[in-house]
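Have a look at the structure below before the remarks.
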There are 4 protein chains.
Amino acid sequence: MKLRVGVVGATGYAGEEILRLLVRHSEVEIASLTAIIDKPSIFSDVFPAFKGIVDIMCTAPDVDDIIKKSDVVFLALPHTVSMQYAPGFLKAGKRVIDLSADYRLDPALYKTWYNHEHADLGNLKTAVYGLPELNKEKIRSARLIANPGCYPTATILAALPMVKNDLVDGEIIVDAKSGVTGAGRKAAIALCFGEVDENLKAYKINEHQHMPEMASILSVAGGKNVSVVFTPHLIPMRRGILSTVYIHLKTALPEQEIIGLYNAAYKQAAFVRVHKPGAYPEIKDVLNTNFCDIGIKVSGKLLIVVSCIDNLLKGAAGQAVQNMNIMYGFDETKGLR
Amino acid sequence: MKLRVGVVGATGYAGEEILRLLVRHSEVEIASLTAIIDKPSIFSDVFPAFKGIVDIMCTAPDVDDIIKKSDVVFLALPHTVSMQYAPGFLKAGKRVIDLSADYRLDPALYKTWYNHEHADLGNLKTAVYGLPELNKEKIRSARLIANPGCYPTATILAALPMVKNDLVDGEIIVDAKSGVTGAGRKAAIALCFGEVDENLKAYKINEHQHMPEMASILSVAGGKNVSVVFTPHLIPMRRGILSTVYIHLKTALPEQEIIGLYNAAYKQAAFVRVHKPGAYPEIKDVLNTNFCDIGIKVSGKLLIVVSCIDNLLKGAAGQAVQNMNIMYGFDETKGLR
Amino acid sequence: MKLRVGVVGATGYAGEEILRLLVRHSEVEIASLTAIIDKPSIFSDVFPAFKGIVDIMCTAPDVDDIIKKSDVVFLALPHTVSMQYAPGFLKAGKRVIDLSADYRLDPALYKTWYNHEHADLGNLKTAVYGLPELNKEKIRSARLIANPGCYPTATILAALPMVKNDLVDGEIIVDAKSGVTGAGRKAAIALCFGEVDENLKAYKINEHQHMPEMASILSVAGGKNVSVVFTPHLIPMRRGILSTVYIHLKTALPEQEIIGLYNAAYKQAAFVRVHKPGAYPEIKDVLNTNFCDIGIKVSGKLLIVVSCIDNLLKGAAGQAVQNMNIMYGFDETKGLR
Amino acid sequence: MKLRVGVVGATGYAGEEILRLLVRHSEVEIASLTAIIDKPSIFSDVFPAFKGIVDIMCTAPDVDDIIKKSDVVFLALPHTVSMQYAPGFLKAGKRVIDLSADYRLDPALYKTWYNHEHADLGNLKTAVYGLPELNKEKIRSARLIANPGCYPTATILAALPMVKNDLVDGEIIVDAKSGVTGAGRKAAIALCFGEVDENLKAYKINEHQHMPEMASILSVAGGKNVSVVFTPHLIPMRRGILSTVYIHLKTALPEQEIIGLYNAAYKQAAFVRVHKPGAYPEIKDVLNTNFCDIGIKVSGKLLIVVSCIDNLLKGAAGQAVQNMNIMYGFDETKGLR
């Protein structure tokens with residue numbers, strides 16, 4: 001019998017990708033398809049790519065109905081909306097994978113960065129940050145997964161081995177570049193083709209809500225405070241994040257040795273690939289995949305790490321399915337390669 | 001003393017381009033800058049490209065104030081809004097160049113295609129269709145210019161010599177491709193980068209409001225009914241229209257002779273360039289210029305014409321300034337080369 | 001035991017896509033990987049996306065070695081090169097799927113359009129044009145498949161039901177738009193980003209080598225001569241073809257009836273989807289899929305058909321794998337959905 | 001009488017832009033147009049945008065002929081080629097503006113980074129680095145201008161006020177992003193649309209030849225050694241550079257005070273615009289202009305500077321014309337606004 005999956009928020013970019021992955025996943029069935037919409041629509045009328053593949057109705061979410069039909073629920077909802085839905089599913093014994101930021105930060109940081117009191121402190125305490133390369137064991141038994149943000153996924157994986165080995169001196173400088181789908185599927189002049197194409201900009205410098213997520217997860221992982229400076233940039237491409245991470249090392253180490261530390265850190269990781277010296281990943285290497293590719297350059301005591309992901313897959317839907325695979329004992333790569 | 005120009009609707013793409021042209025135009029001064037906006041903004045805060053160049057305030061339009069300050073008024077407003085503003089300026093003796101569709105069609109067509117009763121029938125009668133290659137003499141003395149649409153400009157110039165020479169057999173098939181700024185500067189999911197990039201679509205097939213404009217202008221020019229079939233396509237580029245026009249000829253003619261007819265038709269035209277046999281224009285040849293470039297291919301009795309313009313210049317702001325130049329006796333190319 | 005597949009020409013765009021499909025196909029193994037290259041390279045060094053997935057060596061083709069290792073051979077080679085390799089494989093009893101144009105046209109047309117004498121007339125006679133929607137039965141037993149061109153696939157599928165029903169009056173006008181990968185992976189100024197981006201052009205008007213392919217296949221299918229006028233355009237996107245096809249009908253028919261004829265024609269087709277009235281396909285609906293999506297608009301006696309494919313899948317590698325599936329009795333959609 | 005200008009290397013992207021600027025410049029005439037080409041071509045056949053505007057012949061460079069016709073010569077040639085041509089023009093008393101890197105570095109650095117012995121040491125000593133914001137007085141009387149590289153222009157202007165005020169602590173980290181025309185107009189797979197679009201990569205990390213240019217110019221300007229770490233990235237856009245520059249300050253200073261230092265440094269600069277607190281420049285603000293726009297963010301003792309230019313204008317042709325204006329006493333902004 002297949003695992004029955006409910007998707008809430010199916011009409012955004014992440015929701016669309018979750019569907020794309022689930023229809024190819026042999027262990028699951030799509031049991032419920034909902035979104036915050038005014039009137040029900042056939043899913044393939046919203047996304048004609050799914051014509052003949054997912055022709056079922058997408059309705060507004062009815063919590064009781066979703067509970068009845070689903071074993072696990074993906075929440076691909078905006079911040080603050082997820083925490084309205086998650087408690088009901090959890091109370092009914094369902095497992096929840098939340099792609100929003102609602103369960104990623106402690107309540108004080110959440111309030112500061114999302115400008116909203118946290119409304120579900122009880123479940124927040126039990127939520128597991130769903131980065132398999134960091135928390136695989138906890139993910140297995142988690143009831144509630146806080147699926148990581150896209151920028152944090154690319155950046156934490158770039159810095160984690162250095163943080164764990166206590167090699168970081170001072171703040172980590174993160175210069176990240178993202179495709180436009182990272183901002184979601186919504187009507188906004190700033191996201192229009194006429195504004196984005198042949199353009200490039202930095203935005204929210206040191207004020208982006210993903211910065212405290214990077215800092216707090218790395219701080220816990222390293223057992224000491226890690227400081228992050230973060231400049232995100234919007235790039236004229238649909239998908240992909242490239243994060244260029246500058247780390248001052250406490251001790252100068254040869255490039256080959258650093259690469260060795262990364263290889264060691266990720267030798268069990270199904271979706272992290274570390275490049276050879278002199279080779280750096282490009283977005284096209286990871287596009288439409290769940291991989292995070294990493295390249296290393298050492299210059300004296302400065303380490304430069306280039307990290308690439310597909311923001312909608314390893315940065316959202318792919319990681320969510322990877323988490324589901326781990327939670328239910330499926331092959332971790334099921335439906336993802 | 002310089003000509004005092006008022007611009008109403010300065011914060012759209014066409015308005016922005018009008019400003020870009022006017023600041024380089026030695027015979028005019030920008031006397032009034034307004035737009036349908038909630039609160040006044042410095043123009044260069046809306047478009048930082050103009051920092052240090054146009055730092056004056058852009059306010060909501062105050063008709064009396066504009067009348068006091070301006071000799072001629074450009075209306076870069078949405079359909080149905082222009083005809084609310086034009087009558088006041090005309091009554092006060094100002095000349096008006098309207099970039100909307102409000103004065104391009106007869107009242108019956110206007111109602112059919114824009115779904116609105118025409119509200120200014122008096123001025124509609126006196127409006128001159130501002131295509132200099134067709135109506136230069138009338139433009140000189142016009143009080144109200146109906147500045148042509150972008151698709152019609154590219155297409156009418158591609159077909160005009162054949163229509164005037166009565167060589168067209170049956171309907172004209174227009175397969176046109178436009179960059180995204182043709183749809184205006186507005187928040188809409190369909191215009192977002194994530195939807196437009198790496199995509200291509202036909203839309204409003206035979207239902208686009210520019211189709212009756214092409215047909216009626218060509219019919220008047222040819223002195224007989226001209227039928228047009230029109231398929232517009234949205235292309236992942238910011239600017240530019242390429243119109244591929246298929247015309248069945250009444251009589252087979254050699255390519256060189258057809259090209260000769262085009263050269264003859266446009267020998268006085270400052271902004272139409274006809275290519276040699278075997279050469280076809282590309283968008284990049286006309287980008288950021290006021291040119292319409294035309295290439296010709298003959299296959300038996302079928303003529304294929306490729307016509308390129310920059311939709312924001314020859315298709316909007318550039319043509320508007322060209323019309324102003326003609327109206328005020330300036331060099332027709334002033335500020336445009 | 002799995003089907004042993006050899007790929008010759010693995011380092012072009014079509015070759016890369018064949019690999020992407022084959023690694024997900026449960027019935028095959030990649031037995032031989034070769035390309036016209038100067039020195040052997042690990043495939044994942046050429047395409048790092050395949051790191052950890054296809055790390056085997058790609059060498060220059062050694063025909064004997066390929067014969068020893070493979071049951072079926074994909075040729076993703078340039079025109080005129082394929083017909084140097086195919087005879088050897090066929091003689092050794094291997095089945096061949098050729099993605100070049102070498103086995104698609106009769107010798108006279110081939111010489112005219114590819115400027116080369118055909119060098120393998122014997123096998124040319126037995127080659128089957130690998131469009132499953134037209135030739136599925138012949139494909140089952142074919143020894144040599146001439147895999148269709150990208151423009152012809154999109155266009156023939158758009159016109160086939162009308163041709164078969166003998167409804168076409170006069171020539172078919174094909175206005176097609178293609179992404180850049182259609183031109184192959186090669187160093188050429190005309191394909192560079194600086195030339196293609198924010199640009200759009202028509203090229204080889206009525207002189208493109210895919211025109212006789214469309215005309216001859218449609219003529220055979222309809223049992224009478226079909227004439228095609230063809231204007232290809234280069235679009236600033238990586239992948240995808242949208243073909244807008246204008247057909248004058250012998251008899252005016254209601255749109256719903258025409259759509260009915262298309263639905264009937266393709267009701268057995270696994271990869272053709274016909275849209276409802278008023279809905280037209282977009283490139284993004286078929287991107288990264290093997291589908292051909294079709295939309296219909298009728299205007300009096302003129303039929304406008306919009307047809308979309310991914311040029312590297314239904315227009316090349318996907319169709320090649322579909323042909324392999326049919327030849328070997330696998331599910332036709334295996335590895336393709 | 002107008003200044004007679006010769007352009008050598010007119011068929012590259014920088015050459016094309018020089019022409020675009022010169023045709024609008026009222027004080028000059030294009031006296032000679034040459035390029036490293038096999039056979040002479042009409043310039044507007046190479047760049048049809050210039051049809052009717054620059055229809056003169058572009059030939060291979062004949063030094064004597066250029067000397068006879070020109071007062072000043074622009075060299076838009078590849079590295080190592082410029083220094084073959086410059087000596088002849090200088091000896092004949094002509095002034096030279098060289099857009100290559102041949103006269104920007106001392107001989108030792110040149111050999112290290114361009115892998116070539118310098119072949120014109122005599123003129124190298126007298127060359128003036130043509131960054132008007134740094135060297136305006138020297139430019140006035142210069143015989144030979146080393147026009148700055150694109151990355152160095154954006155980066156040096158971002159760091160110069162801090163270097164001159166001796167506020168920099170440790171190395172300057174430069175994370176720069178460039179459009180594709182920065183790599184020149186040449187056939188290379190890595191520059192093809194199919195490789196660049198929907199992609200993003202870092203390249204030549206700490207190995208790019210523009211790094212020593214930044215470091216040596218800043219070191220001279222500051223009177224002490226300045227160390228630079230440089231990661232360039234290739235962005236899917238035609239034009240534009242955005243340089244994100246990270247500078248550790250010796251002393252923490254309020255953002256407003258830092259911005260004050262930038263404003264003071266550039267108050268005489270015709271083409272540098274410093275943004276208000278919280279506002280950062282975007283590529284589209286400077287596209288098709290000669291401006292360098294700068295935004296400032298301070299975070300403790302870390303300063304983040306965002307700097308934008310059009311790589312073909314302020315980063316190449318525009319700066320070259322600005323230098324010409326200064327050399328000949330024209331208004332510095334002539335032909336550039």
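Starting from 1 in every chain, residues are counted up; chains themselves are A, B, ... following the order of the structure tokens, and ligands are numbered from 1 as listed.
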Each chain D residue no farther than 8 Å from chain B, nearest pair in Å, only C-alpha atoms, as a tab-separated table:
residue	atom	partner	partner_atom	distance
D:Arg24	CA	B:Arg337	CA	7.7
D:Phe47	CA	B:Asp285	CA	7.4
D:Pro48	CA	B:Asp285	CA	5.6
D:Ala49	CA	B:Asp285	CA	4.0
D:Phe50	CA	B:Asp285	CA	7.8
D:Lys51	CA	B:Arg273	CA	7.7
D:Arg273	CA	B:Lys51	CA	7.8
D:Pro281	CA	B:Pro48	CA	7.9
D:Lys284	CA	B:Ala49	CA	7.2
D:Asp285	CA	B:Ala49	CA	4.0
D:Val286	CA	B:Ala49	CA	6.1
D:Arg337	CA	B:Arg24	CA	7.7
Include all heavy atoms and write out the residues we just selected as a compact mmCIF listing (two decimals), in the first residue's frame.
# COMPACT_ATOMS: atom_id res chain seq x y z
N ARG D 24 27.52 60.29 -32.59
CA ARG D 24 26.69 61.30 -31.92
C ARG D 24 27.53 62.46 -31.36
O ARG D 24 26.97 63.37 -30.73
CB ARG D 24 25.94 60.67 -30.74
CG ARG D 24 24.95 59.61 -31.13
CD ARG D 24 23.96 59.33 -30.00
NE ARG D 24 24.61 59.19 -28.71
CZ ARG D 24 24.27 58.30 -27.78
NH1 ARG D 24 23.29 57.43 -28.03
NH2 ARG D 24 24.87 58.24 -26.62
N PHE D 47 27.58 45.28 -38.87
CA PHE D 47 26.62 45.69 -37.84
C PHE D 47 25.47 46.44 -38.52
O PHE D 47 25.52 47.67 -38.65
CB PHE D 47 27.28 46.61 -36.80
CG PHE D 47 28.36 45.94 -35.99
CD1 PHE D 47 29.69 46.31 -36.14
CD2 PHE D 47 28.04 44.96 -35.06
CE1 PHE D 47 30.68 45.70 -35.37
CE2 PHE D 47 29.03 44.35 -34.29
CZ PHE D 47 30.36 44.73 -34.45
N PRO D 48 24.42 45.73 -38.96
CA PRO D 48 23.35 46.38 -39.73
C PRO D 48 22.66 47.51 -38.97
O PRO D 48 21.95 48.31 -39.58
CB PRO D 48 22.39 45.23 -40.04
CG PRO D 48 23.22 44.00 -39.96
CD PRO D 48 24.23 44.27 -38.89
N ALA D 49 22.85 47.57 -37.65
CA ALA D 49 22.27 48.70 -36.91
C ALA D 49 22.78 50.03 -37.45
O ALA D 49 22.12 51.05 -37.32
CB ALA D 49 22.59 48.57 -35.42
N PHE D 50 23.96 50.01 -38.07
CA PHE D 50 24.57 51.24 -38.57
C PHE D 50 24.21 51.55 -40.02
O PHE D 50 24.77 52.45 -40.62
CB PHE D 50 26.10 51.16 -38.41
CG PHE D 50 26.56 51.26 -36.99
CD1 PHE D 50 26.64 50.15 -36.17
CD2 PHE D 50 26.92 52.50 -36.46
CE1 PHE D 50 27.07 50.25 -34.86
CE2 PHE D 50 27.36 52.61 -35.14
CZ PHE D 50 27.43 51.47 -34.34
N LYS D 51 23.30 50.79 -40.60
CA LYS D 51 22.86 51.02 -41.97
C LYS D 51 22.35 52.45 -42.13
O LYS D 51 21.47 52.90 -41.37
CB LYS D 51 21.74 50.02 -42.29
CG LYS D 51 21.47 49.76 -43.75
CD LYS D 51 20.51 48.56 -43.87
CE LYS D 51 19.52 48.73 -45.00
NZ LYS D 51 20.12 48.65 -46.34
N ARG D 273 27.77 58.34 -9.37
CA ARG D 273 26.61 58.74 -8.55
C ARG D 273 26.58 57.87 -7.29
O ARG D 273 26.55 56.64 -7.39
CB ARG D 273 25.31 58.56 -9.35
CG ARG D 273 25.27 59.41 -10.62
CD ARG D 273 23.93 59.34 -11.34
NE ARG D 273 23.64 58.03 -11.91
CZ ARG D 273 22.70 57.80 -12.83
NH1 ARG D 273 21.95 58.80 -13.29
NH2 ARG D 273 22.50 56.58 -13.29
N PRO D 281 22.48 50.42 -6.19
CA PRO D 281 22.31 50.53 -7.65
C PRO D 281 22.01 49.17 -8.27
O PRO D 281 22.36 48.13 -7.72
CB PRO D 281 23.66 51.05 -8.11
CG PRO D 281 24.63 50.56 -7.10
CD PRO D 281 23.89 50.56 -5.79
N LYS D 284 20.36 47.97 -14.44
CA LYS D 284 19.52 48.72 -15.37
C LYS D 284 19.63 50.24 -15.17
O LYS D 284 19.29 51.00 -16.07
CB LYS D 284 18.06 48.27 -15.30
CG LYS D 284 17.29 48.63 -14.06
CD LYS D 284 15.87 48.04 -14.19
CE LYS D 284 15.15 48.00 -12.88
NZ LYS D 284 14.70 49.32 -12.37
N ASP D 285 20.09 50.68 -14.01
CA ASP D 285 20.25 52.12 -13.79
C ASP D 285 21.39 52.70 -14.63
O ASP D 285 21.43 53.91 -14.88
CB ASP D 285 20.55 52.41 -12.31
CG ASP D 285 19.46 51.89 -11.39
OD1 ASP D 285 18.34 51.67 -11.87
OD2 ASP D 285 19.74 51.71 -10.19
N VAL D 286 22.36 51.87 -14.99
CA VAL D 286 23.54 52.38 -15.69
C VAL D 286 23.66 51.85 -17.11
O VAL D 286 24.56 52.25 -17.86
CB VAL D 286 24.84 52.04 -14.92
CG1 VAL D 286 24.83 52.68 -13.53
CG2 VAL D 286 25.04 50.53 -14.81
N ARG D 337 25.97 61.76 -22.73
CA ARG D 337 24.73 61.87 -21.95
C ARG D 337 23.51 62.03 -22.84
O ARG D 337 23.62 62.23 -24.03
CB ARG D 337 24.81 63.06 -20.99
CG ARG D 337 25.81 62.75 -19.88
CD ARG D 337 25.82 63.83 -18.85
NE ARG D 337 24.71 63.63 -17.92
CZ ARG D 337 24.72 64.14 -16.69
NH1 ARG D 337 25.74 64.81 -16.23
NH2 ARG D 337 23.68 63.95 -15.91
Taking the chain letters and numbering used in this document, name the residues of region 5-243 of chain B that DSSP puts in helix (DSSP H, G or I), as a PyMOL selection string. chain B and resi 13-22+43-46+48-50+63-69+82-91+107-114+121-126+132-141+150-164+180-183+189-191+193-196+210-222
Of the candidates A:Ile66, A:Leu75, A:Val46, A:Cys150, which one gets nearest to Val8 (chain A) if we count only C-alpha atoms?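 Among the listed residues, the smallest separation from Val8 (chain A) belongs to A:Leu75.
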Separation of CA of Ser219 (chain B) from CA of Ile247 (chain B) in Å: 14.7 Å
Could you give me, as an MDAnalysis selection string, each residue of region 109-239 of chain A that DSSP assigns to strand (DSSP E or B) when run on this structure's backbone? chainID A and resid 128:129 144:146 168 172:178 192 201:202 228:234
Given the selection you just returned, output its residues as a file containing C-alpha atoms, formatted as a PDB file, in the first residue's frame.
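And here's selection-v9.pdb as it stands now:
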ATOM      1  CA  VAL A 128      13.520  19.083  13.233  1.00  0.00           C
ATOM      2  CA  TYR A 129      15.509  21.223  10.801  1.00  0.00           C
ATOM      3  CA  LEU A 144       7.387  17.939  12.011  1.00  0.00           C
ATOM      4  CA  ILE A 145      10.113  18.896   9.565  1.00  0.00           C
ATOM      5  CA  ALA A 146      11.190  22.503   9.117  1.00  0.00           C
ATOM      6  CA  VAL A 168      36.396  29.600  11.164  1.00  0.00           C
ATOM      7  CA  ILE A 172      31.489  34.288   7.339  1.00  0.00           C
ATOM      8  CA  ILE A 173      30.793  36.460   4.286  1.00  0.00           C
ATOM      9  CA  VAL A 174      28.067  35.036   2.071  1.00  0.00           C
ATOM     10  CA  ASP A 175      27.633  36.534  -1.385  1.00  0.00           C
ATOM     11  CA  ALA A 176      24.723  34.612  -2.862  1.00  0.00           C
ATOM     12  CA  LYS A 177      23.042  34.773  -6.251  1.00  0.00           C
ATOM     13  CA  SER A 178      19.551  33.451  -6.901  1.00  0.00           C
ATOM     14  CA  CYS A 192       8.435  41.120 -13.973  1.00  0.00           C
ATOM     15  CA  LYS A 201      20.862  43.732  -8.183  1.00  0.00           C
ATOM     16  CA  ALA A 202      21.840  43.215  -4.579  1.00  0.00           C
ATOM     17  CA  VAL A 228      27.216  35.660   9.053  1.00  0.00           C
ATOM     18  CA  VAL A 229      27.236  38.646   6.699  1.00  0.00           C
ATOM     19  CA  PHE A 230      24.817  38.078   3.832  1.00  0.00           C
ATOM     20  CA  THR A 231      24.381  39.837   0.486  1.00  0.00           C
ATOM     21  CA  PRO A 232      21.757  38.205  -1.748  1.00  0.00           C
ATOM     22  CA  HIS A 233      21.562  39.107  -5.452  1.00  0.00           C
ATOM     23  CA  LEU A 234      18.766  38.603  -7.959  1.00  0.00           C
TER      24      LEU A 234
END
Give me, as a list in words, all polymer residues having an atom no more than 9 Å from Ser299 (chain A), counting only C-alpha atoms and skipping those fewer than 6 positions away in the same chain.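 My reading of the contact set: Ala252 and Glu255 of chain A; Asn206 and Val229 of chain D.
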Export, as an mmCIF file, in the first residue's frame, the selected residues with all heavy atoms.
data_model
loop_
_atom_site.group_PDB
_atom_site.id
_atom_site.type_symbol
_atom_site.label_atom_id
_atom_site.label_comp_id
_atom_site.auth_asym_id
_atom_site.auth_seq_id
_atom_site.Cartn_x
_atom_site.Cartn_y
_atom_site.Cartn_z
ATOM 1 N N ALA A 252 46.138 28.457 8.273
ATOM 2 C CA ALA A 252 46.263 28.190 6.843
ATOM 3 C C ALA A 252 46.424 26.686 6.632
ATOM 4 O O ALA A 252 47.212 26.029 7.328
ATOM 5 C CB ALA A 252 47.463 28.940 6.267
ATOM 6 N N GLU A 255 45.011 23.460 0.131
ATOM 7 C CA GLU A 255 43.725 23.251 -0.536
ATOM 8 C C GLU A 255 43.310 21.775 -0.506
ATOM 9 O O GLU A 255 42.156 21.454 -0.237
ATOM 10 C CB GLU A 255 43.837 23.746 -1.989
ATOM 11 C CG GLU A 255 42.503 23.947 -2.662
ATOM 12 C CD GLU A 255 42.658 24.828 -3.904
ATOM 13 O OE1 GLU A 255 42.745 26.057 -3.765
ATOM 14 O OE2 GLU A 255 42.721 24.277 -5.018
ATOM 15 N N ASN D 206 40.560 34.125 -8.042
ATOM 16 C CA ASN D 206 41.893 34.616 -7.674
ATOM 17 C C ASN D 206 42.943 34.397 -8.757
ATOM 18 O O ASN D 206 44.142 34.436 -8.491
ATOM 19 C CB ASN D 206 42.357 33.987 -6.358
ATOM 20 C CG ASN D 206 42.274 35.003 -5.235
ATOM 21 O OD1 ASN D 206 41.724 36.083 -5.430
ATOM 22 N ND2 ASN D 206 42.817 34.670 -4.077
ATOM 23 N N VAL D 229 41.345 40.145 -3.170
ATOM 24 C CA VAL D 229 40.891 38.787 -3.490
ATOM 25 C C VAL D 229 39.730 38.941 -4.459
ATOM 26 O O VAL D 229 38.825 39.730 -4.195
ATOM 27 C CB VAL D 229 40.430 38.050 -2.211
ATOM 28 C CG1 VAL D 229 39.708 36.765 -2.550
ATOM 29 C CG2 VAL D 229 41.617 37.792 -1.299
#
Any idea what's packed within 12 Å of Phe193 (chain D), counting only C-alpha atoms, ignoring anything in its chain fewer than 3 positions away? Could you give it as a PDB file with C-alpha atoms, in the first residue's frame?
ATOM      1  CA  GLU B 198      12.578  30.011 -21.366  1.00  0.00           C
TER       2      GLU B 198
ATOM      3  CA  GLY C 179      15.444  27.833 -28.990  1.00  0.00           C
ATOM      4  CA  VAL C 180      19.175  27.960 -29.579  1.00  0.00           C
ATOM      5  CA  THR C 181      20.132  24.373 -28.772  1.00  0.00           C
ATOM      6  CA  GLY C 182      18.414  23.424 -32.030  1.00  0.00           C
ATOM      7  CA  ALA C 183      21.549  24.616 -33.790  1.00  0.00           C
ATOM      8  CA  GLY C 184      23.741  22.200 -31.854  1.00  0.00           C
ATOM      9  CA  ARG C 185      26.607  22.659 -29.409  1.00  0.00           C
ATOM     10  CA  LYS C 186      29.306  24.414 -31.347  1.00  0.00           C
ATOM     11  CA  ALA C 187      31.491  27.498 -31.303  1.00  0.00           C
ATOM     12  CA  ALA C 188      29.923  30.107 -33.617  1.00  0.00           C
ATOM     13  CA  ILE C 189      29.581  33.847 -33.150  1.00  0.00           C
ATOM     14  CA  ALA C 190      25.965  33.713 -34.325  1.00  0.00           C
ATOM     15  CA  LEU C 191      25.115  31.401 -31.405  1.00  0.00           C
ATOM     16  CA  CYS C 192      26.865  33.451 -28.733  1.00  0.00           C
ATOM     17  CA  PHE C 193      24.868  34.905 -25.895  1.00  0.00           C
ATOM     18  CA  GLY C 194      25.886  38.426 -26.866  1.00  0.00           C
ATOM     19  CA  GLU C 195      24.304  37.925 -30.314  1.00  0.00           C
ATOM     20  CA  VAL C 196      21.220  35.902 -29.372  1.00  0.00           C
ATOM     21  CA  ASP C 197      20.000  37.437 -26.134  1.00  0.00           C
ATOM     22  CA  GLU C 198      17.535  40.321 -26.494  1.00  0.00           C
ATOM     23  CA  ASN C 199      17.467  39.489 -30.177  1.00  0.00           C
ATOM     24  CA  LEU C 234      15.780  31.961 -33.619  1.00  0.00           C
ATOM     25  CA  ILE C 235      14.454  32.773 -30.133  1.00  0.00           C
ATOM     26  CA  PRO C 236      16.469  33.754 -27.043  1.00  0.00           C
ATOM     27  CA  MET C 237      15.711  30.599 -25.091  1.00  0.00           C
ATOM     28  CA  ARG C 238      17.697  27.394 -24.652  1.00  0.00           C
ATOM     29  CA  ARG C 239      15.148  24.787 -25.652  1.00  0.00           C
TER      30      ARG C 239
ATOM     31  CA  VAL D 180      28.765  38.109 -21.346  1.00  0.00           C
ATOM     32  CA  THR D 181      30.006  40.850 -23.671  1.00  0.00           C
ATOM     33  CA  ALA D 187      33.306  32.079 -31.229  1.00  0.00           C
ATOM     34  CA  ALA D 188      33.668  29.932 -28.117  1.00  0.00           C
ATOM     35  CA  ILE D 189      31.407  27.200 -26.783  1.00  0.00           C
ATOM     36  CA  ALA D 190      31.642  28.631 -23.272  1.00  0.00           C
ATOM     37  CA  VAL D 196      25.300  30.718 -20.575  1.00  0.00           C
ATOM     38  CA  ASP D 197      21.538  31.100 -20.373  1.00  0.00           C
ATOM     39  CA  GLU D 198      19.908  29.807 -17.180  1.00  0.00           C
ATOM     40  CA  ASN D 199      23.421  29.307 -15.875  1.00  0.00           C
ATOM     41  CA  ILE D 235      25.863  36.227 -15.518  1.00  0.00           C
ATOM     42  CA  PRO D 236      23.248  35.491 -18.199  1.00  0.00           C
ATOM     43  CA  MET D 237      22.911  39.071 -19.396  1.00  0.00           C
ATOM     44  CA  ARG D 238      24.514  40.898 -22.299  1.00  0.00           C
TER      45      ARG D 238
END
When you count only C-alpha atoms, which of these residues is closest to Ile56 (chain C): C:Val81, C:Ala10, C:Leu124, C:Leu21?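 The answer is C:Ala10, which sits nearest to Ile56 (chain C).
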Residues within 12 Å of Lys136 (chain D), please, as a list in words. Count only C-alpha atoms; anything in the same chain fewer than 6 positions from it doesn't count.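 My list of contacting residues is Val128, Tyr129, Gly130, Ala142, Ile145, Gln268, Ala269, Ala270, Gln319, Gln322, Asn323, Met324, Asn325, Ile326, Met327, Gly329 and Glu332 of chain D.
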